[in-house]
$ cat run.txt   # compact mmCIF, C-alpha atoms
# COMPACT_ATOMS: atom_id res chain seq x y z
CA MET V 1 34.87 32.48 -53.31
CA ASN V 2 35.28 30.68 -50.00
CA LYS V 3 31.94 28.96 -49.36
CA GLU V 4 32.71 28.48 -45.66
CA ASN V 5 32.98 32.16 -44.84
CA LEU V 6 30.69 34.44 -46.79
CA SER V 7 29.81 37.99 -45.87
CA HIS V 8 26.85 40.16 -46.69
CA GLY V 9 27.39 43.74 -45.57
CA ARG V 10 28.65 43.54 -41.98
CA LYS V 11 27.18 40.10 -41.36
CA SER V 12 29.28 36.96 -41.69
CA ILE V 13 27.91 33.56 -42.74
CA ARG V 14 29.86 30.43 -41.84
CA ALA V 15 29.20 26.73 -42.23
CA ASN V 16 28.14 25.21 -38.90
CA ILE V 17 27.40 21.66 -37.78
CA LYS V 18 25.49 22.85 -34.73
CA PRO V 19 21.67 22.49 -34.94
CA ARG V 20 19.98 25.73 -36.03
CA ALA V 21 17.92 25.82 -32.81
CA LEU V 22 21.12 26.06 -30.77
CA ILE V 23 22.78 28.78 -32.83
CA GLU V 24 22.76 32.18 -31.15
CA GLU V 25 20.33 34.71 -32.58
CA GLN V 26 22.83 37.56 -32.83
CA PRO V 27 24.41 38.09 -36.27
CA ASP V 28 28.18 38.01 -36.58
CA LEU V 29 29.34 41.53 -37.49
CA MET V 30 32.50 41.64 -39.56
CA GLY V 31 35.42 43.58 -38.07
CA VAL V 32 33.62 44.32 -34.78
CA TRP V 33 35.09 43.41 -31.37
CA ARG V 34 33.34 40.23 -30.26
CA ALA V 35 32.91 38.42 -26.95
CA ASP V 36 31.86 34.76 -26.94
CA ILE V 37 30.66 33.58 -23.52
CA ILE V 38 30.52 29.86 -22.70
CA THR V 39 28.28 29.46 -19.67
CA LEU V 40 25.65 27.30 -18.02
CA PHE V 41 23.53 30.43 -17.60
CA PRO V 42 23.37 32.25 -20.95
CA ASP V 43 20.20 34.08 -19.91
CA VAL V 44 22.12 36.26 -17.43
CA PHE V 45 23.81 38.04 -20.34
CA PRO V 46 24.05 40.82 -21.29
CA GLY V 47 22.94 41.74 -17.76
CA ILE V 48 24.29 45.12 -16.73
CA LEU V 49 26.21 45.24 -20.03
CA GLY V 50 22.89 45.82 -21.79
CA SER V 51 22.41 49.11 -19.94
CA SER V 52 23.85 52.59 -20.22
CA LEU V 53 26.70 53.26 -22.66
CA THR V 54 27.82 49.64 -23.06
CA GLY V 55 24.24 48.65 -23.87
CA LYS V 56 23.85 51.43 -26.41
CA ALA V 57 27.17 50.47 -27.99
CA LEU V 58 26.00 46.85 -28.18
CA LYS V 59 22.77 47.90 -29.86
CA ASP V 60 24.68 50.17 -32.26
CA GLY V 61 27.04 47.38 -33.28
CA LYS V 62 30.22 48.86 -31.79
CA TRP V 63 30.81 45.50 -30.12
CA GLN V 64 29.02 42.17 -30.18
CA LEU V 65 28.11 39.53 -27.62
CA HIS V 66 27.44 35.87 -28.33
CA THR V 67 26.45 33.41 -25.60
CA HIS V 68 26.84 29.63 -25.82
CA ASP V 69 24.96 27.29 -23.50
CA LEU V 70 27.47 24.77 -22.16
CA ARG V 71 24.62 22.40 -21.32
CA SER V 72 23.99 21.84 -25.04
CA TYR V 73 27.40 20.13 -25.23
CA GLY V 74 26.68 17.90 -22.23
CA ILE V 75 26.78 14.11 -21.94
CA GLY V 76 23.78 11.76 -22.09
CA LYS V 77 20.08 12.31 -21.65
CA HIS V 78 20.58 14.82 -18.85
CA ARG V 79 23.32 16.76 -20.64
CA SER V 80 25.75 16.29 -17.75
CA VAL V 81 28.69 18.69 -17.70
CA ASP V 82 30.47 17.68 -14.47
CA ASP V 83 31.74 14.69 -12.53
CA THR V 84 33.41 13.84 -9.21
CA PRO V 85 37.02 15.04 -8.77
CA ALA V 86 39.81 12.54 -9.43
CA GLY V 87 41.56 11.64 -6.20
CA GLY V 88 38.54 12.55 -4.14
CA GLY V 89 37.45 15.82 -2.64
CA ALA V 90 34.37 17.97 -2.23
CA GLY V 91 32.13 19.16 -5.02
CA MET V 92 32.19 18.47 -8.73
CA VAL V 93 34.55 19.34 -11.59
CA MET V 94 33.53 20.40 -15.10
CA ARG V 95 34.38 17.66 -17.61
CA ALA V 96 37.20 17.98 -20.11
CA ASP V 97 35.29 16.34 -22.98
CA VAL V 98 32.31 18.68 -22.60
CA LEU V 99 34.44 21.80 -22.35
CA GLY V 100 36.65 20.63 -25.20
CA ARG V 101 33.68 20.27 -27.56
CA ALA V 102 32.34 23.68 -26.62
CA LEU V 103 35.67 25.48 -26.99
CA SER V 104 36.50 23.78 -30.29
CA ASP V 105 33.08 24.60 -31.73
CA VAL V 106 33.13 28.25 -30.68
CA SER V 107 36.75 28.74 -31.76
CA GLN V 108 36.02 27.46 -35.26
CA ARG V 109 33.20 29.98 -35.72
CA ARG V 110 35.15 33.18 -35.14
CA GLU V 111 38.47 34.93 -35.71
CA PRO V 112 41.44 33.68 -33.62
CA CYS V 113 41.43 35.25 -30.15
CA PRO V 114 42.47 34.61 -26.53
CA ILE V 115 40.50 32.10 -24.48
CA ILE V 116 40.01 33.36 -20.95
CA TYR V 117 38.82 31.44 -17.91
CA MET V 118 37.48 33.54 -15.04
CA SER V 119 39.24 32.02 -12.04
CA PRO V 120 40.15 33.22 -8.50
CA ARG V 121 43.65 31.79 -9.03
CA GLY V 122 44.23 33.79 -12.22
CA LYS V 123 46.28 36.93 -12.74
CA PRO V 124 44.51 40.06 -11.44
CA LEU V 125 42.50 42.01 -13.98
CA LEU V 126 44.27 45.36 -14.42
CA GLN V 127 43.60 48.34 -16.65
CA GLU V 128 46.50 47.38 -18.92
CA ARG V 129 44.93 43.95 -19.53
CA ALA V 130 41.66 45.58 -20.53
CA LYS V 131 43.49 47.87 -22.96
CA LYS V 132 45.28 44.89 -24.48
CA MET V 133 41.96 43.10 -24.96
CA VAL V 134 40.62 45.95 -27.09
CA ASP V 135 43.52 45.67 -29.52
CA GLY V 136 42.44 42.22 -30.73
CA SER V 137 39.32 40.80 -32.37
CA GLY V 138 37.76 39.94 -29.02
CA ALA V 139 37.84 36.98 -26.65
CA ILE V 140 36.23 33.67 -25.76
CA ILE V 141 35.37 33.75 -22.06
CA LEU V 142 34.71 30.54 -20.15
CA CYS V 143 32.57 30.84 -17.02
CA GLY V 144 33.28 28.05 -14.57
CA ARG V 145 31.06 26.57 -11.89
CA PHE V 146 31.34 24.00 -9.10
CA GLU V 147 34.96 23.33 -8.02
CA GLY V 148 36.41 24.45 -11.34
CA ILE V 149 37.38 22.89 -14.67
CA ASP V 150 39.59 19.98 -15.66
CA GLN V 151 43.21 21.19 -15.79
CA ARG V 152 43.79 19.36 -19.08
CA VAL V 153 41.45 21.79 -20.82
CA ILE V 154 43.46 24.76 -19.56
CA ASP V 155 46.69 23.15 -20.76
CA HIS V 156 45.38 21.96 -24.13
CA PHE V 157 43.79 25.24 -25.20
CA GLN V 158 46.47 27.39 -23.52
CA ILE V 159 43.75 29.21 -21.61
CA GLU V 160 44.58 32.41 -19.74
CA GLU V 161 43.19 32.53 -16.21
CA VAL V 162 42.00 35.96 -15.03
CA SER V 163 40.78 36.99 -11.58
CA ILE V 164 38.81 40.07 -10.55
CA GLY V 165 39.85 39.79 -6.91
CA ASP V 166 41.02 37.61 -4.06
CA TYR V 167 37.66 36.06 -3.27
CA VAL V 168 35.49 33.23 -4.58
CA LEU V 169 32.20 33.65 -6.45
CA SER V 170 29.57 31.02 -7.20
CA GLY V 171 30.51 31.15 -10.88
CA GLY V 172 32.35 33.12 -13.52
CA GLU V 173 29.41 35.00 -14.99
CA LEU V 174 29.64 38.09 -12.77
CA ALA V 175 33.42 38.17 -13.21
CA ALA V 176 33.01 37.95 -16.99
CA GLN V 177 30.64 40.93 -16.98
CA VAL V 178 33.12 42.94 -14.89
CA MET V 179 35.94 42.19 -17.33
CA LEU V 180 33.77 42.97 -20.34
CA ASP V 181 32.64 46.29 -18.87
CA ALA V 182 36.26 47.28 -18.18
CA THR V 183 37.15 46.35 -21.77
CA VAL V 184 34.19 47.48 -23.85
CA ARG V 185 34.22 51.03 -22.46
CA LEU V 186 37.71 51.42 -23.98
CA ILE V 187 36.53 50.61 -27.52
CA PRO V 188 36.67 53.82 -29.58
CA GLY V 189 33.27 55.48 -29.79
CA VAL V 190 31.69 53.68 -26.83
CA LEU V 191 32.13 56.47 -24.27
CA GLY V 192 31.94 59.28 -26.79
CA ASN V 193 34.62 61.37 -25.07
CA HIS V 194 37.90 59.45 -25.35
CA GLU V 195 39.62 61.91 -22.99
CA SER V 196 37.55 60.59 -20.10
CA THR V 197 39.41 57.26 -20.26
CA GLU V 198 42.79 59.01 -20.28
CA GLU V 199 42.26 60.86 -17.00
CA GLU V 200 40.49 58.23 -14.92
CA SER V 201 42.05 56.01 -12.25
CA PHE V 202 44.88 53.65 -13.28
CA SER V 203 45.28 55.12 -16.78
CA ASN V 204 48.48 56.97 -15.79
CA GLY V 205 49.43 54.91 -12.76
CA LEU V 206 47.53 57.16 -10.34
CA LEU V 207 44.07 57.27 -8.81
CA GLU V 208 41.73 59.87 -10.27
CA TYR V 209 41.53 63.31 -8.66
CA PRO V 210 38.33 64.36 -6.78
CA GLN V 211 35.36 65.47 -8.90
CA TYR V 212 32.87 68.29 -8.16
CA THR V 213 29.80 69.82 -9.80
CA ARG V 214 26.87 72.12 -8.95
CA PRO V 215 25.78 73.43 -6.53
CA SER V 216 28.91 75.44 -5.75
CA VAL V 217 28.12 75.20 -2.02
CA TRP V 218 26.57 72.10 -0.45
CA GLU V 219 26.13 71.45 3.29
CA GLY V 220 28.57 74.29 3.95
CA GLN V 221 31.25 72.78 1.70
CA GLU V 222 32.52 74.75 -1.30
CA ILE V 223 34.01 73.56 -4.55
CA PRO V 224 37.79 74.22 -4.41
CA LYS V 225 38.31 77.76 -5.70
CA VAL V 226 41.05 76.72 -8.13
CA LEU V 227 38.48 74.72 -10.13
CA MET V 228 36.37 77.85 -10.53
CA SER V 229 39.31 80.11 -11.42
CA GLY V 230 39.34 79.50 -15.15
CA ASP V 231 43.14 79.13 -15.03
CA HIS V 232 43.70 75.87 -16.96
CA GLY V 233 47.32 75.59 -15.90
CA LYS V 234 46.47 75.85 -12.21
CA VAL V 235 43.58 73.43 -12.63
CA ALA V 236 45.83 70.84 -14.31
CA SER V 237 48.45 71.24 -11.57
CA TRP V 238 45.78 70.83 -8.86
CA LYS V 239 44.39 67.68 -10.48
CA LYS V 240 47.84 66.08 -10.69
CA SER V 241 48.75 66.93 -7.10
CA GLN V 242 45.43 65.60 -5.83
CA SER V 243 45.88 62.35 -7.79
CA GLU V 244 49.32 61.93 -6.28
CA LEU V 245 48.07 62.60 -2.73
CA LEU V 246 45.16 60.17 -3.05
CA THR V 247 47.35 57.44 -4.54
CA ARG V 248 49.97 57.86 -1.82
CA ASP V 249 47.36 57.71 0.96
CA LEU V 250 44.91 55.14 -0.40
CA ARG V 251 47.05 52.87 -2.59
CA PRO V 252 50.66 52.83 -1.39
CA ASP V 253 51.23 49.78 -3.59
CA LEU V 254 50.52 51.90 -6.68
CA TRP V 255 52.48 54.84 -5.31
CA THR V 256 55.67 52.79 -5.00
CA LYS V 257 55.41 51.91 -8.71
CA TYR V 258 54.60 55.43 -9.86
CA GLU V 259 57.26 57.30 -11.82
CA PRO V 260 56.47 61.04 -12.17
$ encode --input "run.txt" --output "structure tokens"
Amino acid sequence: MNKENLSHGRKSIRANIKPRALIEEQPDLMGVWRADIITLFPDVFPGILGSSLTGKALKDGKWQLHTHDLRSYGIGKHRSVDDTPAGGGAGMVMRADVLGRALSDVSQRREPCPIIYMSPRGKPLLQERAKKMVDGSGAIILCGRFEGIDQRVIDHFQIEEVSIGDYVLSGGELAAQVMLDATVRLIPGVLGNHESTEEESFSNGLLEYPQYTRPSVWEGQEIPKVLMSGDHGKVASWKKSQSELLTRDLRPDLWTKYEP
């Protein structure tokens, strides 16, 4: 038996050189999609991910979340994690040696997976990327701060940079929660009704059609009669035509890529 990787039920036990006080409290569940977050602010997780369906799925063990305090890998008495940028410039840059220790330690304690750095210069987060994430064992997500991280870390660990939009945040924590929400909801069993993910925006290259519910008349506006007709064929045709109209009007960039 391999003494470095034992399992008891769904929990995994691995040898670890990290002090017990710094080891995350959550057990490692075997075969469950896992997110490891390296951050200076571990207390902000799970945040919104701990609510609603993603929170219930987390509690039920359909996915797992482990946070790792980057400060615990810092340098010296003050656990420094940053230094002035080489060549001059404003702000501070996160140190390569600190990040390297953190990434190596976390990587050794889980199944192989992508390492993702939330960065405004990264590739845009799209629905297809979220779907691809679900197919693996999970991801290690690095949340940057200050002016960013040492480029050598990105090159050495072959880190994938991902952006949630063309704007700059104070750090990667909010971006990481956005990416995790987009991903976790696609894990089988999280939403309950898998069909809901197949009809929503971006799943088929189109924006989602308009939605209605009771009351049938509100402020003088009625629910479109076709939705109340009971004719499933007409309803399906209406939904598709509405998706196409909305995509053409609101997202011409998506419309040009759409192939009926």
$ atom_distance --input "run.txt" --atom1 "CA of Cys113 in chain V" --atom2 "CA of Gly148 in chain V"
22.3 Å
$ closest_atom_pairs --input "run.txt" --of "range 194-244 of chain V" --to "range 118-130 of chain V" --cutoff "10 Å" --atoms "only C-alpha atoms" --output "Markdown table"
| residue | atom | partner | partner_atom | distance |
| --- | --- | --- | --- | --- |
| V:Ser201 | CA | V:Gln127 | CA | 9.0 |
| V:Phe202 | CA | V:Gln127 | CA | 6.4 |
| V:Ser203 | CA | V:Gln127 | CA | 7.0 |
| V:Asn204 | CA | V:Gln127 | CA | 10.0 |
| V:Gly205 | CA | V:Gln127 | CA | 9.6 |
$ atom_distance --input "run.txt" --atom1 "CA of Lys131 in chain V" --atom2 "CA of Pro114 in chain V"
13.8 Å
$ residues_near_point --input "run.txt" --point "(47.2, 32.2, -19.5)" --cutoff "10 Å" --atoms "only C-alpha atoms" --output "number ranges by chain"
V: 114-117, 122-123, 154-155, 157-162
$ closest_residue --input "run.txt" --among "V:Gly76, V:Ala35, V:Gly230, V:Leu40" --to "Met179 in chain V" --atoms "all atoms listed in the file"
V:Ala35
$ atom_distance --input "run.txt" --atom1 "CA of Gly172 in chain V" --atom2 "CA of Phe45 in chain V"
12.0 Å
$ residues_near_point --input "run.txt" --point "(54.7, 59.9, -9.4)" --cutoff "10 Å" --atoms "only C-alpha atoms" --output "list of chain:residue names"
V:Asn204, V:Gly205, V:Leu206, V:Lys240, V:Ser241, V:Ser243, V:Glu244, V:Leu245, V:Thr247, V:Arg248, V:Leu254, V:Trp255, V:Thr256, V:Lys257, V:Tyr258, V:Glu259, V:Pro260
$ residues_around --input "run.txt" --residues "Asp69 in chain V" --least-positions-apart "6" --cutoff "7 Å" --atoms "all atoms listed in the file" --output "ChimeraX atom specification"
/V:38-42
$ closest_residue --input "run.txt" --among "V:Leu53, V:Val153, V:Val81, V:Met133" --to "Gly100 in chain V" --atoms "only C-alpha atoms"
V:Val153
$ residues_around --input "run.txt" --residues "Ser107 in chain V" --least-positions-apart "2" --cutoff "12 Å" --atoms "only C-alpha atoms" --output "ChimeraX atom specification"
/V:16,35-38,68,99-105,109-115,138-142,157
$ closest_residue --input "run.txt" --among "V:Thr213, V:Ser229, V:Ser137, V:Ser80" --to "Arg95 in chain V" --atoms "all atoms listed in the file"
V:Ser80
$ closest_residue --input "run.txt" --among "V:Val44, V:Ala86, V:Lys234, V:Val226" --to "Ala176 in chain V" --atoms "all atoms listed in the file"
V:Val44
$ residues_around --input "run.txt" --residues "Ala57 in chain V" --least-positions-apart "6" --cutoff "9 Å" --atoms "all atoms listed in the file" --output "PDB file with C-alpha atoms, in the frame of the given file"
ATOM      1  CA  GLY V  50      22.890  45.820 -21.790  1.00  0.00           C
ATOM      2  CA  TRP V  63      30.810  45.500 -30.120  1.00  0.00           C
ATOM      3  CA  GLN V  64      29.020  42.170 -30.180  1.00  0.00           C
ATOM      4  CA  VAL V 184      34.190  47.480 -23.850  1.00  0.00           C
ATOM      5  CA  ARG V 185      34.220  51.030 -22.460  1.00  0.00           C
ATOM      6  CA  GLY V 189      33.270  55.480 -29.790  1.00  0.00           C
ATOM      7  CA  VAL V 190      31.690  53.680 -26.830  1.00  0.00           C
ATOM      8  CA  LEU V 191      32.130  56.470 -24.270  1.00  0.00           C
TER       9      LEU V 191
END
$ closest_residue --input "run.txt" --among "V:Arg152, V:Lys239, V:Lys62, V:Lys56" --to "Pro188 in chain V" --atoms "only C-alpha atoms"
V:Lys62
$ closest_residue --input "run.txt" --among "V:Val98, V:Val134, V:Val235, V:Ile187" --to "Gly74 in chain V" --atoms "only C-alpha atoms"
V:Val98
$ axis_aligned_box --input "run.txt" --around "range 219-237 of chain V" --padding-each-side "3 Å" --output "lines of an AutoDock Vina configuration file"
center_x = 37.3
center_y = 75.5
center_z = -6.5
size_x = 28.3
size_y = 15.3
size_z = 26.9
$ build_atoms --input "run.txt" --residues "range 203-218 of chain V" --atoms "N, CA and C atoms" --output "PDB file, in the frame of the given file"
ATOM      1  N   SER V 203      44.839  54.888 -15.415  1.00  0.00           N
ATOM      2  CA  SER V 203      45.280  55.120 -16.780  1.00  0.00           C
ATOM      3  C   SER V 203      46.700  55.659 -16.833  1.00  0.00           C
ATOM      4  N   ASN V 204      47.108  56.427 -15.817  1.00  0.00           N
ATOM      5  CA  ASN V 204      48.480  56.970 -15.790  1.00  0.00           C
ATOM      6  C   ASN V 204      49.250  56.504 -14.562  1.00  0.00           C
ATOM      7  N   GLY V 205      48.766  55.432 -13.939  1.00  0.00           N
ATOM      8  CA  GLY V 205      49.430  54.910 -12.760  1.00  0.00           C
ATOM      9  C   GLY V 205      48.970  55.516 -11.459  1.00  0.00           C
ATOM     10  N   LEU V 206      48.033  56.485 -11.528  1.00  0.00           N
ATOM     11  CA  LEU V 206      47.530  57.160 -10.340  1.00  0.00           C
ATOM     12  C   LEU V 206      46.017  56.981 -10.214  1.00  0.00           C
ATOM     13  N   LEU V 207      45.517  57.204  -9.004  1.00  0.00           N
ATOM     14  CA  LEU V 207      44.070  57.270  -8.810  1.00  0.00           C
ATOM     15  C   LEU V 207      43.568  58.607  -9.342  1.00  0.00           C
ATOM     16  N   GLU V 208      42.302  58.639  -9.721  1.00  0.00           N
ATOM     17  CA  GLU V 208      41.730  59.870 -10.270  1.00  0.00           C
ATOM     18  C   GLU V 208      41.557  60.922  -9.181  1.00  0.00           C
ATOM     19  N   TYR V 209      41.711  62.172  -9.563  1.00  0.00           N
ATOM     20  CA  TYR V 209      41.530  63.310  -8.660  1.00  0.00           C
ATOM     21  C   TYR V 209      40.047  63.438  -8.267  1.00  0.00           C
ATOM     22  N   PRO V 210      39.720  64.175  -7.190  1.00  0.00           N
ATOM     23  CA  PRO V 210      38.330  64.360  -6.780  1.00  0.00           C
ATOM     24  C   PRO V 210      37.531  65.129  -7.841  1.00  0.00           C
ATOM     25  N   GLN V 211      36.248  64.816  -7.936  1.00  0.00           N
ATOM     26  CA  GLN V 211      35.360  65.470  -8.900  1.00  0.00           C
ATOM     27  C   GLN V 211      34.306  66.290  -8.145  1.00  0.00           C
ATOM     28  N   TYR V 212      33.884  67.418  -8.750  1.00  0.00           N
ATOM     29  CA  TYR V 212      32.870  68.290  -8.160  1.00  0.00           C
ATOM     30  C   TYR V 212      31.943  68.790  -9.265  1.00  0.00           C
ATOM     31  N   THR V 213      30.729  69.175  -8.871  1.00  0.00           N
ATOM     32  CA  THR V 213      29.800  69.820  -9.800  1.00  0.00           C
ATOM     33  C   THR V 213      28.832  70.676  -8.989  1.00  0.00           C
ATOM     34  N   ARG V 214      27.836  71.267  -9.638  1.00  0.00           N
ATOM     35  CA  ARG V 214      26.870  72.120  -8.950  1.00  0.00           C
ATOM     36  C   ARG V 214      26.080  71.347  -7.900  1.00  0.00           C
ATOM     37  N   PRO V 215      25.640  71.991  -6.831  1.00  0.00           N
ATOM     38  CA  PRO V 215      25.780  73.430  -6.530  1.00  0.00           C
ATOM     39  C   PRO V 215      27.188  73.761  -6.038  1.00  0.00           C
ATOM     40  N   SER V 216      27.561  75.024  -6.140  1.00  0.00           N
ATOM     41  CA  SER V 216      28.910  75.440  -5.750  1.00  0.00           C
ATOM     42  C   SER V 216      29.129  75.316  -4.245  1.00  0.00           C
ATOM     43  N   VAL V 217      28.037  75.400  -3.472  1.00  0.00           N
ATOM     44  CA  VAL V 217      28.120  75.200  -2.020  1.00  0.00           C
ATOM     45  C   VAL V 217      27.077  74.173  -1.620  1.00  0.00           C
ATOM     46  N   TRP V 218      27.499  73.136  -0.907  1.00  0.00           N
ATOM     47  CA  TRP V 218      26.570  72.100  -0.450  1.00  0.00           C
ATOM     48  C   TRP V 218      26.935  71.698   0.974  1.00  0.00           C
TER      49      TRP V 218
END
